[in-house]
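final_24.pdb, holding PDB, C-alpha atoms:
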```
ATOM      1  CA  MET A   1      -0.805  14.315 -19.902
ATOM      2  CA  PHE A   2      -0.912  11.795 -17.059
ATOM      3  CA  ARG A   3       2.004   9.499 -16.511
ATOM      4  CA  GLU A   4       1.417   5.778 -16.193
ATOM      5  CA  THR A   5       0.726   4.659 -12.640
ATOM      6  CA  ARG A   6       3.604   2.675 -11.182
ATOM      7  CA  GLN A   7       2.743  -0.464  -9.260
ATOM      8  CA  VAL A   8       4.671  -2.298  -6.576
ATOM      9  CA  PHE A   9       4.171  -5.340  -4.403
ATOM     10  CA  VAL A  10       4.293  -5.267  -0.602
ATOM     11  CA  TYR A  11       5.801  -8.208   1.280
ATOM     12  CA  ASN A  12       6.088  -8.585   5.062
ATOM     13  CA  LYS A  13       9.615  -9.975   5.549
ATOM     14  CA  THR A  14       9.059 -10.502   9.275
ATOM     15  CA  LYS A  15       5.956 -12.680   8.871
ATOM     16  CA  GLU A  16       6.814 -13.967   5.362
ATOM     17  CA  THR A  17       3.405 -12.955   3.982
ATOM     18  CA  PHE A  18       2.284 -10.758   1.109
ATOM     19  CA  LEU A  19       0.046  -7.776   1.814
ATOM     20  CA  ALA A  20      -0.650  -6.947  -1.833
ATOM     21  CA  PHE A  21       0.666  -7.576  -5.337
ATOM     22  CA  ARG A  22      -0.719  -4.537  -7.204
ATOM     23  CA  VAL A  23      -0.210  -1.369  -5.160
ATOM     24  CA  SER A  24      -0.379   1.891  -7.095
ATOM     25  CA  VAL A  25       2.204   4.496  -6.112
ATOM     26  CA  ALA A  26       0.641   7.896  -5.353
ATOM     27  CA  ASP A  27       3.703  10.126  -5.229
ATOM     28  CA  SER A  28       2.563  13.275  -7.012
ATOM     29  CA  MET A  29       0.452  16.036  -5.510
ATOM     30  CA  LEU A  30      -2.499  15.109  -7.739
ATOM     31  CA  SER A  31      -2.289  11.335  -7.211
ATOM     32  CA  ARG A  32      -1.967  11.774  -3.428
ATOM     33  CA  LEU A  33      -4.942  14.138  -3.404
ATOM     34  CA  ILE A  34      -7.135  11.760  -5.399
ATOM     35  CA  GLY A  35      -5.971   8.528  -3.729
ATOM     36  CA  LEU A  36      -8.947   6.158  -3.658
ATOM     37  CA  LEU A  37     -11.669   8.774  -4.158
ATOM     38  CA  GLY A  38     -14.263   7.715  -6.679
ATOM     39  CA  ARG A  39     -13.629   3.991  -6.314
ATOM     40  CA  ARG A  40     -16.347   1.722  -4.988
ATOM     41  CA  ALA A  41     -13.884  -0.813  -3.547
ATOM     42  CA  LEU A  42     -10.309  -2.034  -3.650
ATOM     43  CA  LYS A  43      -9.662  -5.185  -5.632
ATOM     44  CA  PRO A  44      -8.146  -8.058  -3.633
ATOM     45  CA  ASP A  45      -4.338  -7.852  -3.528
ATOM     46  CA  SER A  46      -4.365  -4.177  -4.523
ATOM     47  CA  GLY A  47      -3.876  -0.883  -2.746
ATOM     48  CA  VAL A  48      -2.465   2.629  -2.891
ATOM     49  CA  TRP A  49       0.883   3.718  -1.428
ATOM     50  CA  ILE A  50       0.780   7.389  -0.484
ATOM     51  CA  VAL A  51       4.316   8.814  -0.581
ATOM     52  CA  PRO A  52       5.052  10.966   1.367
ATOM     53  CA  GLY A  53       2.318  10.962   3.973
ATOM     54  CA  ASN A  54       1.808  10.299   7.655
ATOM     55  CA  SER A  55      -1.995  10.450   7.910
ATOM     56  CA  ILE A  56      -5.043   9.830   5.732
ATOM     57  CA  HIS A  57      -8.714  10.679   5.571
ATOM     58  CA  THR A  58     -11.579   8.695   4.109
ATOM     59  CA  ILE A  59     -13.904  11.625   3.548
ATOM     60  CA  GLY A  60     -15.857  10.955   0.368
ATOM     61  CA  MET A  61     -14.872   7.292   0.247
ATOM     62  CA  LEU A  62     -17.441   4.538  -0.081
ATOM     63  CA  PHE A  63     -15.772   1.585   1.627
ATOM     64  CA  THR A  64     -13.774   0.453   4.664
ATOM     65  CA  LEU A  65     -10.025  -0.094   4.355
ATOM     66  CA  ASP A  66      -6.877  -0.958   6.316
ATOM     67  CA  ALA A  67      -3.945   1.475   6.578
ATOM     68  CA  VAL A  68      -0.307   0.553   7.235
ATOM     69  CA  LEU A  69       1.956   3.453   8.237
ATOM     70  CA  ILE A  70       5.645   2.910   7.532
ATOM     71  CA  ASP A  71       8.891   4.792   8.116
ATOM     72  CA  LYS A  72      11.604   5.578   5.546
ATOM     73  CA  ASP A  73      13.099   2.097   6.001
ATOM     74  CA  PHE A  74       9.711   0.392   5.367
ATOM     75  CA  LYS A  75       9.313  -0.599   9.013
ATOM     76  CA  VAL A  76       5.697  -0.639  10.244
ATOM     77  CA  VAL A  77       5.165   2.203  12.743
ATOM     78  CA  GLY A  78       1.366   2.242  12.838
ATOM     79  CA  LEU A  79      -1.672   0.192  11.863
ATOM     80  CA  ARG A  80      -5.314   1.144  11.444
ATOM     81  CA  GLU A  81      -7.733  -1.674  10.736
ATOM     82  CA  LEU A  82     -11.207  -1.259   9.282
ATOM     83  CA  VAL A  83     -11.054   2.503   8.753
ATOM     84  CA  ARG A  84     -14.604   3.530   7.934
ATOM     85  CA  PRO A  85     -15.668   6.139   5.397
ATOM     86  CA  PHE A  86     -15.598   9.764   6.596
ATOM     87  CA  SER A  87     -12.821   9.085   9.125
ATOM     88  CA  VAL A  88      -9.531  10.881   9.759
ATOM     89  CA  ILE A  89      -6.359   9.139  10.911
ATOM     90  CA  PRO A  90      -4.280  11.668  12.851
ATOM     91  CA  PRO A  91      -0.624  12.135  11.854
ATOM     92  CA  ASN A  92       1.919   9.583  13.023
ATOM     93  CA  PHE A  93       5.140  11.594  13.050
ATOM     94  CA  ARG A  94       7.298   8.457  12.751
ATOM     95  CA  ALA A  95       5.595   7.558   9.458
ATOM     96  CA  GLU A  96       6.950   8.612   6.071
ATOM     97  CA  SER A  97       4.197   6.989   3.984
ATOM     98  CA  VAL A  98       0.890   5.136   4.198
ATOM     99  CA  ILE A  99      -0.320   2.041   2.368
ATOM    100  CA  GLU A 100      -4.095   1.809   1.938
ATOM    101  CA  LEU A 101      -5.235  -1.797   1.544
ATOM    102  CA  PRO A 102      -8.489  -3.769   1.396
ATOM    103  CA  ALA A 103     -10.213  -4.331   4.747
ATOM    104  CA  HIS A 104      -8.863  -7.333   6.729
ATOM    105  CA  THR A 105      -5.450  -7.298   4.951
ATOM    106  CA  ILE A 106      -3.612  -6.517   8.203
ATOM    107  CA  PHE A 107      -5.317  -9.424   9.969
ATOM    108  CA  LYS A 108      -4.811 -11.882   7.095
ATOM    109  CA  SER A 109      -1.116 -11.018   6.731
ATOM    110  CA  ARG A 110      -0.564 -11.013  10.532
ATOM    111  CA  THR A 111       1.212  -7.647  10.181
ATOM    112  CA  THR A 112       2.128  -5.914  13.458
ATOM    113  CA  VAL A 113       3.964  -2.746  14.454
ATOM    114  CA  GLY A 114       7.708  -3.340  14.123
ATOM    115  CA  ASP A 115       7.451  -5.677  11.121
ATOM    116  CA  GLN A 116       9.857  -5.070   8.234
ATOM    117  CA  LEU A 117       8.251  -4.688   4.818
ATOM    118  CA  LEU A 118       9.766  -5.134   1.379
ATOM    119  CA  ILE A 119       8.286  -2.882  -1.315
ATOM    120  CA  GLU A 120       9.466  -3.476  -4.844
ATOM    121  CA  ARG A 121       8.352  -3.006  -8.377
ATOM    122  CA  TYR A 122       7.292  -6.219 -10.081
ATOM    123  CA  GLU A 123       9.311  -6.800 -13.211
ATOM    124  CA  PRO A 124       8.197  -9.708 -15.395
ATOM    125  CA  LYS A 125      11.064 -11.965 -16.375
ATOM    126  CA  GLN A 126      12.285 -11.206 -19.866
ATOM    127  CA  PRO A 127      12.885 -14.273 -22.015
ATOM    128  CA  THR A 128      16.512 -14.943 -22.737
ATOM    129  CA  ALA A 129      18.129 -16.871 -25.550
ATOM    130  CA  SER A 130      18.671 -19.842 -23.207
ATOM    131  CA  ASP A 131      14.907 -19.957 -22.458
ATOM    132  CA  SER A 132      13.931 -20.567 -26.077
ATOM    133  CA  PRO A 133      13.349 -24.151 -27.197
ATOM    134  CA  GLY A 134      15.705 -25.632 -29.661
TER
END
```

Entire entry expressed as structure tokens:
Amino acid sequence: MFRETRQVFVYNKTKETFLAFRVSVADSMLSRLIGLLGRRALKPDSGVWIVPGNSIHTIGMLFTLDAVLIDKDFKVVGLRELVRPFSVIPPNFRAESVIELPAHTIFKSRTTVGDQLLIERYEPKQPTASDSPG
């Protein structure tokens, strides 16, 4: 019924810092609508990537978060730190998607507008014949 949630990592190439390692991709109408509703907090190094989207709301949420707005090339075009519950971030028409992250992630990663992000799916290395002992 529900497809498995895809996860990606988010790396700031400009600052050479990671924003998160386990970011769920919300790219369906239902997953974008639900987002973080019902959660009590975000785990460290996690988040939700809302694709497409250029604004968010925290109505019904129970915790503060950071939001990184990015364009189609994964360049940071907007930042909102410490977005409180029951807030609305107005649309940023340069943004194609929004990454919701734990509070203080923007500060810790030193992310600023103009930074270039790398967003990729984490694929564990598959053992090869040359990796086996013997």

* **Interatomic distance, atom CA of A:Thr14 to atom CA of A:Leu117 (Å, one decimal)** => 7.4 Å

Using the chain letters and numbers from the file, which residues does the PyMOL selection byres ((chain A and resi 58) around 8) grab, as a CSV table (one decimal) with C-alpha atoms, keeping the file's coordinate frame?
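Saved as expr_34.csv:
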```
chain,number,residue,atom,x,y,z
A,56,ILE,CA,-5.0,9.8,5.7
A,57,HIS,CA,-8.7,10.7,5.6
A,59,ILE,CA,-13.9,11.6,3.5
A,60,GLY,CA,-15.9,11.0,0.4
A,61,MET,CA,-14.9,7.3,0.2
A,83,VAL,CA,-11.1,2.5,8.8
A,84,ARG,CA,-14.6,3.5,7.9
A,85,PRO,CA,-15.7,6.1,5.4
A,86,PHE,CA,-15.6,9.8,6.6
A,87,SER,CA,-12.8,9.1,9.1
A,88,VAL,CA,-9.5,10.9,9.8
```

* Point (4.5, 7.9, 5.3) neighbourhood (7 Å, only C-alpha atoms) written as a VMD selection string -> chain A and resid 50 to 54 69 to 71 95 to 98

* To do: Could you check which of A:Ala26, A:Asn92, A:Phe63, A:Ser55 is closest to A:Arg39, using all atoms listed in the file?
  => A:Phe63

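The shell of residues at most 10 Å from A:Asp66, with all atoms listed in the file counted and near chain neighbours (fewer than 2 positions) removed, consists of Gly47, Thr64, Val68, Leu79, Arg80, Glu81, Leu82, Val83, Arg84, Ile99, Glu100, Leu101, Pro102, Ala103, His104, Thr105, Ile106 and Phe107 of chain A.
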
* To do: Please identify all polymer residues within 7 Å of A:Leu118, counting all atoms listed in the file, omitting same-chain residues fewer than 4 positions from it, and present them as a list in words.
  => Val10, Tyr11, Asn12, Lys13 and Phe74 of chain A

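Put simply, atom CA of A:Leu19 is 15.0 Å away from atom CA of A:Gly78.
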
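The shortest atom-to-atom distance to A:Ile89, with only C-alpha atoms taken into account, belongs to A:Ala67 out of A:Ala67, A:Val77, A:Leu37, A:Ser28.
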
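Picture a line from atom CA of A:Arg94 to atom CA of A:Val25; it runs 19.9 Å.
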
* Name every residue that the PyMOL selection byres ((chain A and resi 20-23) around 6) selects in this structure, writing the answer as JSON, numbers by chain with chains first and numbers rising. => {"A": [7, 8, 9, 10, 18, 19, 24, 45, 46, 47, 48]}
